[in-house]
Number of protein chains: 4
Amino acid sequence: MNFYKAVSPLDYRYYGGDKELFEKLQAFVSEEAFIKYELKVEVALVKVMSRYPSPKKPICSAEVAMEVEQASHYVTCEEVYLEEKKTHHNIRALVNCLKRRVSVKAKPFIHLFATSSDIMDTATALRLKDLSKEVILPDLIKLEELLIKIARQGADVIQIGRTHGQHAEPITFGFAMAEYVNRLGNRIKRIKETSENLRGKLSGAVGAYNALSLLIDDNFSPQVFEKMVLKDLGLKPSLHSTQIVEPEYLGDLVYSVISCFSVLANLSDDIRHLERTEIGEIVEKKGWERIGSSTMPHKVNPWNFEHIKSMWKTFMPRIITVFMDQISEHQRDLTNSASSRFLIEIFTAFIHSVERLNTALGKIEIDRERMRKNLNFSKEFIVAEPLYILLSINGHPDGYGCVRKLLAKSRKENGSLRELIWEDEEAKLFLAKISERQRKVLNNPEEYTGISRERTKNICEFWESYIENIKSHKIVSEK
Amino acid sequence: MNFYKAVSPLDYRYYGGDKELFEKLQAFVSEEAFIKYELKVEVALVKVMSRYPSPKKPICSAEVAMEVEQASHYVTCEEVYLEEKKTHHNIRALVNCLKRRVSVKAKPFIHLFATSSDIMDTATALRLKDLSKEVILPDLIKLEELLIKIARQGADVIQIGRTHGQHAEPITFGFAMAEYVNRLGNRIKRIKETSENLRGKLSGAVGAYNALSLLIDDNFSPQVFEKMVLKDLGLKPSLHSTQIVEPEYLGDLVYSVISCFSVLANLSDDIRHLERTEIGEIVEKKGWERIGSSTMPHKVNPWNFEHIKSMWKTFMPRIITVFMDQISEHQRDLTNSASSRFLIEIFTAFIHSVERLNTALGKIEIDRERMRKNLNFSKEFIVAEPLYILLSINGHPDGYGCVRKLLAKSRKENGSLRELIWEDEEAKLFLAKISERQRKVLNNPEEYTGISRERTKNICEFWESYIENIKSHKIVSEK
Amino acid sequence: MNFYKAVSPLDYRYYGGDKELFEKLQAFVSEEAFIKYELKVEVALVKVMSRYPSPKKPICSAEVAMEVEQASHYVTCEEVYLEEKKTHHNIRALVNCLKRRVSVKAKPFIHLFATSSDIMDTATALRLKDLSKEVILPDLIKLEELLIKIARQGADVIQIGRTHGQHAEPITFGFAMAEYVNRLGNRIKRIKETSENLRGKLSGAVGAYNALSLLIDDNFSPQVFEKMVLKDLGLKPSLHSTQIVEPEYLGDLVYSVISCFSVLANLSDDIRHLERTEIGEIVEKKGWERIGSSTMPHKVNPWNFEHIKSMWKTFMPRIITVFMDQISEHQRDLTNSASSRFLIEIFTAFIHSVERLNTALGKIEIDRERMRKNLNFSKEFIVAEPLYILLSINGHPDGYGCVRKLLAKSRKENGSLRELIWEDEEAKLFLAKISERQRKVLNNPEEYTGISRERTKNICEFWESYIENIKSHKIVSEK
Amino acid sequence: MNFYKAVSPLDYRYYGGDKELFEKLQAFVSEEAFIKYELKVEVALVKVMSRYPSPKKPICSAEVAMEVEQASHYVTCEEVYLEEKKTHHNIRALVNCLKRRVSVKAKPFIHLFATSSDIMDTATALRLKDLSKEVILPDLIKLEELLIKIARQGADVIQIGRTHGQHAEPITFGFAMAEYVNRLGNRIKRIKETSENLRGKLSGAVGAYNALSLLIDDNFSPQVFEKMVLKDLGLKPSLHSTQIVEPEYLGDLVYSVISCFSVLANLSDDIRHLERTEIGEIVEKKGWERIGSSTMPHKVNPWNFEHIKSMWKTFMPRIITVFMDQISEHQRDLTNSASSRFLIEIFTAFIHSVERLNTALGKIEIDRERMRKNLNFSKEFIVAEPLYILLSINGHPDGYGCVRKLLAKSRKENGSLRELIWEDEEAKLFLAKISERQRKVLNNPEEYTGISRERTKNICEFWESYIENIKSHKIVSEK
């Protein structure tokens with residue numbers, strides 16, 4: 001398979017151009033896959049007909065159902081598309097392809113009671129549920145586990161904390177990574193919930209089960225019939241549907257995914273800024289071995305992290321389409337049809353980015369020497385906060401102002417703030433009673449890292465236990 | 001108060017220009033209100049200091065806490081803004097205003113341990129939680145109750161279902177409205193969950209509780225301290241924070257609100273299309289009494305419903321800002337500062353639209369005559385589906401094709417499809433065994449409404465019970 | 001070529017799945033095409049080296065340039081992608097593929113002085129300029145010509161004008177279409193301007209012509225060198241570039257295209273609303289022959305027009321990415337790299353939609369009978385405006401109020417407003433002096449179409465002349 | 001005026017809270033101002049009636065026109081809003097306020113022939129044209145002049161160029177700023193063009209001049225009438241309008257402004273990254289005097305630059321609304337009504353940001369010492385490109401590979417690449433013939449700045465001349 005004549009970068013490059021990812025995803029994200037999912041729904045429909053309202057008096061015979069199921073294995077995407085050239089209707093094309101493979105006896109029951117959206121919307125829910133369970137969640141959990149590992153390893157590595165790009169107060173590198181452990185963990189939870197909440201439907205052309213209602217009698221319930229078909233597929237119906245499933249279920253999942261994508265983009269931004277030549281706290285292992293520029297042989301670029309950000313910029317705005325597609329006139333207009341087809345791209349790009357990030361994170365190295373050097377650069381300044389706090393605790397009515405005064409002096413005299421503290425009569429007075437531990441912080445402000453370590457540990461433990469829980473419940477497939 | 005010199009339509013027109021809404025919302029959405037919320041957080045902070053780590057050996061005395069609380073009642077928005085002109089820092093300004101009102105003994109403890117974002121992010125969570133509980137959810141529930149009423153009233157009113165703007169198969173008007181009962185219900189649930197999940201923080205400048213950690217000993221835990229302050233305010237902390245609260249909690253709420261806004265926009269679109277001159281199934285009570293155009297005295301326009309859509313178009317795209325604000329460099333950059341201030345506008349506009357929709361829906365009337373007339377227009381065509389289904393159930397291998405053939409004939413001969421059925425030998429053969437009920441549908445296709453009635457009833461009952469449940473648990477304030 | 005394993009609907013369906021469009025576009029939009037464009041830039045670069053600073057003392061020999069040009073014909077996309085698996089750098093891969101095909105003498109001059117973006121950004125400008133000239137503009141002009149034809153044909157066909165979906169005052173159908181003739185015309189102009197304003201670059205790694213400057217002497221000017229290369233390709237440089245071309249040139253084109261897309265979406269919306277069962281002023285020729293629904297044999301749906309809207313909803317939000325990509329740190333960061341690759345999709349989807357709209361518009365038919373019937377429905381009301389105007393011109397101080405009073409009366413008595421006019425003493429008084437022509441309008445309000453006809457004609461003539469002008473200047477290729 | 005009860009940050013803080021900006025903008029952006037602009041249009045309309053079709057036989061007398069003009073000076077925003085509470089129609093309210101102030105003779109001519117949108121759309125075009133001319137363009141030119149000054153001052157200050165956040169090749173700081181001189185210049189041009197291209201209308205309820213056509217005779221032309229009214233206001237009509245002006249004219253201006261906003265955001269990002277503690281090439285003059293944090297007394301933050309970015313994030317996504325508002329059903333639906341009101345916020349926020357950026361840029365200082373130090377850090381690496389180029393020019397078949405080999409060696413041996421060059425036999429061979437100038441670059445790679453200086457100068461001159469041109473043509477008001 002080569003996609004060099006394709007127009008989509010996903011097809012010729014990021015998915016179709018990446019053999020491994022392609023193999024992993026094609027059974028879910030390709031058009032071929034979607035046709036297979038549609039066939040699954042058609043089969044499930046006939047199979048329930050063969051045992052409802054009662055196994056003894058079903059709508060069609062078990063043989064009919066078996067025939068249809070058999071036929072479904074032979075229908076190809078190519079064939080359906082060829083047939084569509086004639087019918088100008090994709091689901092009628094699919095139905096024709098099935099019908100031509102079964103006996104006269106079976107023909108009437110194919111697609112019976114269903115409108116196209118019953119098949120397509122249910123197939124969409126199904127493939128996204130599968131994709132989430134089989135790929136997205138396992139991939140995210142793998143990334144989460146890597147982040148936990150990095151956070152644990154860096155739990156004690158002191159790093160200057162930065163706000164506004166300026167040195168603030170010290171933390172540890174593990175604590176900085178724990179941010180992403182926690183934010184990613186929360187997004188995993190939400191993706192899990194929203195993907196498991198996707199819905200199918202079998203309520204017909206306008207959602208009122210009009211066709212199925214022709215069969216109503218004491219033993220036949222259209223809603224029970226729908227539930228049975230969906231249950232066989234592992235799905236639930238919505239309490240209401242029109243021609244289509246209510247768009248909010250899918251919208252909630254897309255939001256969760258894009259919101260998670262933003263977390264990855266933030267992490268990527270952080271890493272690439274830490275790789276800046278002047279900061280250099282993170283370097284890419286063996287980065288020198290790769291070509292960074294076609295004209296500057298010396299360049300090593302954080303291109304993987306820049307790539308994640310770039311993909312986020314590409315796919316994040318697509319949420320707008322999702323919101324616009326929430327609006328469908330009356331029992332449905334078709335203006336969500338083409339646009340819905342593009343949703344699978346968001347998931348594909350997201351998975352690609354998750355895996356790319358995983359690989360890239362596996363290759364970074366912390367440069368502890370640079371971390372120390374960078375922090376030392378501001379050693380004199382970062383003592384400002386603990387000093388102000390200690391002055392205040394001990395009753396200084398304007399500790400903040402006092403420290404600013406000392407800072408001004410130190411700048412003017414090019415002196416050390418840490419030394420000026422003990423030369424200032426006012427400060428000395430209020431610091432007389434501070435504990436040994438507190439005094440140590442004033443002298444070694446690099447130790448002013450709060451509870452970075454414990455916090456990191458707590459967060460890692462919390463999410464390790466969450467992951468274990470998911471795995472043991474086999475909610476996410478383990479490969 | 002007049003806002004005619006304002007630039008924001010919310011201020012001069014939709015909120016500030018609407019006395020009733022203004023009175024209702026100003027305690028939550030105005031800048032004045034926000035300052036009050038910030039003061040609440042400052043007070044909660046000092047109050048916990050006065051009883052922790054132990055009532056006997058607290059950080060500050062109960063008198064100090066009381067002094068600060070007293071002082072907080074006198075600080076005005078105007079004063080803080082004046083002070084900010086000097087400090088060029090909003091929270092330092094607030095702190096100064098508090099400080100100047102307390103004794104030397106109390107001064108050191110104001111804002112102690114806190115970074116500006118501790119105050120601001122916590123205040124934001126608090127006001128949005130309150131706003132959701134006191135206004136948004138009650139307003140939405142009121143709207144939901146009205147929709148339920150309309151759906152119940154229309155449960156039996158037959159209406160032609162429309163897909164692609166074309167007549168499809170019949171439903172009832174109540175069933176069409178039940179769509180919105182269910183979709184709105186689901187959004188209410190999500191807004192409730194996400195608003196109750198907002199978080200505050202008190203973890204300091206870089207999120208590692210650096211300042212609070214200066215106090216650590218056996219009895220003092222920075223995390224317990226944070227939990228106590230937040231609990232007093234009715235909030236929870238996040239497992240991790242940097243200088244700011246993780247943006248996802250707020251993002252989830254904004255998404256829920258915008259997603260709900262789309263549902264309102266869809267409903268509004270449906271109504272205004274049903275008001276089209278040629279459709280006329282819905283009319284506005286006493287519409288004639290209002291001026292519809294400054295030059296065409298005869299116009300009656302669905303402007304309220306158009307207005308909802310217009311507000312949705314204005315505020316929906318703002319989710320993009322929310323996603324961009326998920327990205328903050330390292331322990332925080334300030335590029336989310338101004339943008340965060342604008343979020344309250346989304347909520348304000350949403351509430352305005354919910355109330356407007358409520359009023360507008362209260363004024364519509366169903367024109368049953370037009371509904372009947374419109375359906376009759378397609379009476380001959382809509383029999384096509386039940387006919388195809390009945391042919392198929394009874395074994396016709398191509399019921400669909402057979403009906404298309406009959407349709408072509410009826411168009412050619414300008415004949416009635418319902419009559420042609422019984423003239424066609426093939427069709428007659430397969431219809432021989434249909435039940436009386438089924439035959440009746442073929443003759444009276446307007447009765448082919450599926451389970452519109454039951455479904456409507458079920459949905460209304462479900463959400464009535466949900467609402468009752470919320471109310472009885474007093475989760476939503478009852479006014 | 002089949003794309004059934006692709007993930008992008010463009011690839012498997014709208015472009016790759018449409019043989020004709022695929023043949024037409026692949027030379028511009030495919031990745032294969034892009035590689036060819038990059039090669040063109042590399043060749044142009046060496047060719048200028050072979051004659052500058054002077055044909056006698058060039059940087060490289062004419063043979064070298066010829067060798068490279070020859071080699072460029074044999075490099076395939078597949079080969080470059082294979083090589084990239086080794087180099088992990090796309091342009092280095094391309095360069096290697098070229099190099100391995102030339103003599104040792106020629107090798108040093110391939111890609112010399114260039115940074116990757118010199119090649120990629122110039123190739124991008126080139127292919128979009130070509131695509132605009134060869135496909136987009138001709139396609140749009142074809143659509144414009146069809147719209148002009150439709151407008152001219154309907155110039156006299158009276159239609160009720162609609163505002164807010166309500167009957168307003170009469171126009172002609174041609175006038176309604178002239179709106180789109182004019183709006184589309186204006187967008188064509190802008191697309192033409194912005195596509196012709198695209199820029200290339202050859203200013204090296206940081207935009208300062210560092211590498212080329214190594215050659216500076218009296219006869220050599222880096223800027224002249226750049227101009228020569230770009231001129232050979234039919235492009236101009238920008239006054240400033242960093243590693244990349246300033247993003248605004250491309251942004252302006254994308255905006256123009258999306259803004260034009262909105263015009264198409266509006267037209268599509270109008271048509272599909274006019275096709276609503278209850279309105280029926282437009283029908284699709286032989287619509288009955290196509291399948292509209294997989295379960296309702298009678299359905300004829302405006303799916304082509306819905307499709308245009310759907311594509312617009314999919315691609316319009318992508319402008320957000322364009323704005324975000326305007327931001328690139330310092331002399332460039334790579335976060336625009338992946339995202340830029342997706343831009344070609346917007347153009348592809350746009351072209352697809354233009355062609356689809358063209359086909360769909362070619363199949364619509366006006367139902368004059370329904371137009372007349374619809375207008376008649378409001379005949380009594382639409383006289384309200386001319387009546388009010390005539391009362392006012394003739395001095396009635398409150399003509400508007402007077403008409404509203406008469407309208408109320410007519411509604412109450414179920415009477416004809418046109419008759420009531422002449423029964424009302426007050427009205428009669430002010431209407432005494434109106435001209436015969438004016439009186440005729442009051443009696444036949446369907447003739448109150450203003451200057452719909454002339455205006456339509458003017459607009460059609462204006463744009464016909466613009467098109468002729470473009471064509472005669474051969475600015476757009478004529479096929 | 002205080003806006004503390006407002007909900008919009010523009011009102012309580014950035015515009016309404018900034019006395020100077022408020023004074024400057026209120027005559028354009030406030031609702032009060034908009035009412036004044038509407039009145040201007042109403043007056044222009046009557047005034048043309050008093051001299052057309054001929055001064056001798058006008059539609060109304062000169063006294064009537066004068067009466068209306070006089071009356072217009074007394075109508076207040078407050079009064080109109082009060083009246084609207086009764087009419088529920090904003091323009092009818094305005095008309096009533098005018099009418100009650102004139103004689104019975106004048107009453108009929110107020111608003112005659114006009115539909116509300118004639119007044120509102122024309123007023124909108126007018127106020128935005130004025131705002132652009134009086135504020136936006138002068139402000140942008142002031143910013144451009146400051147940027148030119150900064151670029152000229154830094155034209156010779158060597159700075160390391162950065163791509164991907166990594167040191168690339170040297171430029172000068174002036175050259176880096178020249179990027180923004182040029183990009184901003186181009187945007188100014190586009191804002192000028194699009195603001196001068198805004199259109200008004202007076203074509204009535206459905207755009208066909210229905211009302212005006214009642215007057216048609218040999219001497220009266222509705223289109224001439226419209227042109228006269230608009231010309232008096234300094235505007236032009238569009239070739240077609242419906243009830244509203246074609247949305248593209250305004251859309252083009254909004255795009256230009258947002259696209260310019262992105263340029264400001266990019267500049268702001270660059271500055272704040274150059275202010276990072278570890279980079280420190282730019283510092284804020286007397287930054288120490290301001291409070292940077294409420295808990296860290298030492299912080300100096302680039303908050304002004306962060307603020308610009310934040311405002312961009314807030315307002316950029318609003319383009320989506322503009323695109324959605326391009327779609328209006330038939331001769332107009334009202335779903336663009338509320339949304340249009342919010343557009344003025346974009347302009348207000350943009351102006352605020354331009355002025356803020358201007359102030360902030362006026363306060364930055366270049367730290368040449370840090371620039372030198374940063375560049376020195378990579379001195380050994382940046383020689384890689386010129387070395388590769390010189391090897392190639394002189395015939396090395398793989399200069400790039402040769403340099404990578406030397407780089408690997410230098411890293412391994414911790415040696416100086418510049419020294420290794422002359423130790424490598426292969427390199428030495430190819431470098432034998434290089435000029436003295438070229439050799440100097442290899443030894444002093446900090447001089448490898450290409451034509452940074454000249455380019456900077458050229459760009460500054462080009463835009464200086466453009467600005468002078470605008471000013472001398474008095475197209476932009478000079479204050």
# chains A, B, ... in the order shown; residues from 1 in each chain; ligands from 1
call {"tool": "interface_residues", "arguments": {"of": "chain A", "to": "chain D", "cutoff": "6 Å", "atoms": "only C-alpha atoms", "output": "list in words"}}
result
His164, Gly165, Gln166, Arg276, Thr277, Glu278, Met296, Pro297, His298, Asn301, Phe381, Ala384, Glu385 and Arg404 of chain A
call {"tool": "select_by_dssp", "arguments": {"residues": "range 60-166 of chain D", "states": "alpha helix (DSSP H)", "output": "ChimeraX atom specification"}}
result
/D:62-72,77-87,90-99,116-131,137-153
call {"tool": "residues_around", "arguments": {"residues": "range 440-451 of chain C", "least_positions_apart": "3", "cutoff": "10 Å", "atoms": "only C-alpha atoms", "output": "count of residues only"}}
result
51
call {"tool": "residues_around", "arguments": {"residues": "range 28-36 of chain C", "least_positions_apart": "2", "cutoff": "6 Å", "atoms": "only C-alpha atoms", "output": "PyMOL selection string"}}
result
(chain A and resi 4-7) or (chain C and resi 25-26+38-39+77+127)
call {"tool": "residues_around", "arguments": {"residues": "Asp325 in chain A", "least_positions_apart": "3", "cutoff": "8 Å", "atoms": "only C-alpha atoms", "output": "NGL selection string"}}
result
:A and (247 or 321-322 or 328 or 335-336 or 339)
call {"tool": "residues_around", "arguments": {"residues": "Gly395 in chain D", "least_positions_apart": "3", "cutoff": "12 Å", "atoms": "only C-alpha atoms", "output": "ChimeraX atom specification"}}
result
/C:59-61,64,103-110,112 /D:388-392,398-400,426-427,429-434
call {"tool": "residues_around", "arguments": {"residues": "Ile346 in chain A", "least_positions_apart": "4", "cutoff": "9 Å", "atoms": "only C-alpha atoms", "output": "number ranges by chain"}}
result
A: 254, 257-258, 315-316, 318, 342, 350-351
call {"tool": "atom_distance", "arguments": {"atom1": "CA of His89 in chain D", "atom2": "CA of Lys24 in chain B"}}
result
24.5 Å
call {"tool": "atom_distance", "arguments": {"atom1": "CA of Ile467 in chain C", "atom2": "CA of Leu253 in chain D"}}
result
25.3 Å
call {"tool": "atom_distance", "arguments": {"atom1": "CA of Leu239 in chain A", "atom2": "CA of Leu215 in chain A"}}
result
20.7 Å
call {"tool": "closest_residue", "arguments": {"among": "B:Thr242, B:Trp463, B:Arg92, B:Gln331", "to": "Arg187 in chain B", "atoms": "only C-alpha atoms"}}
result
B:Trp463
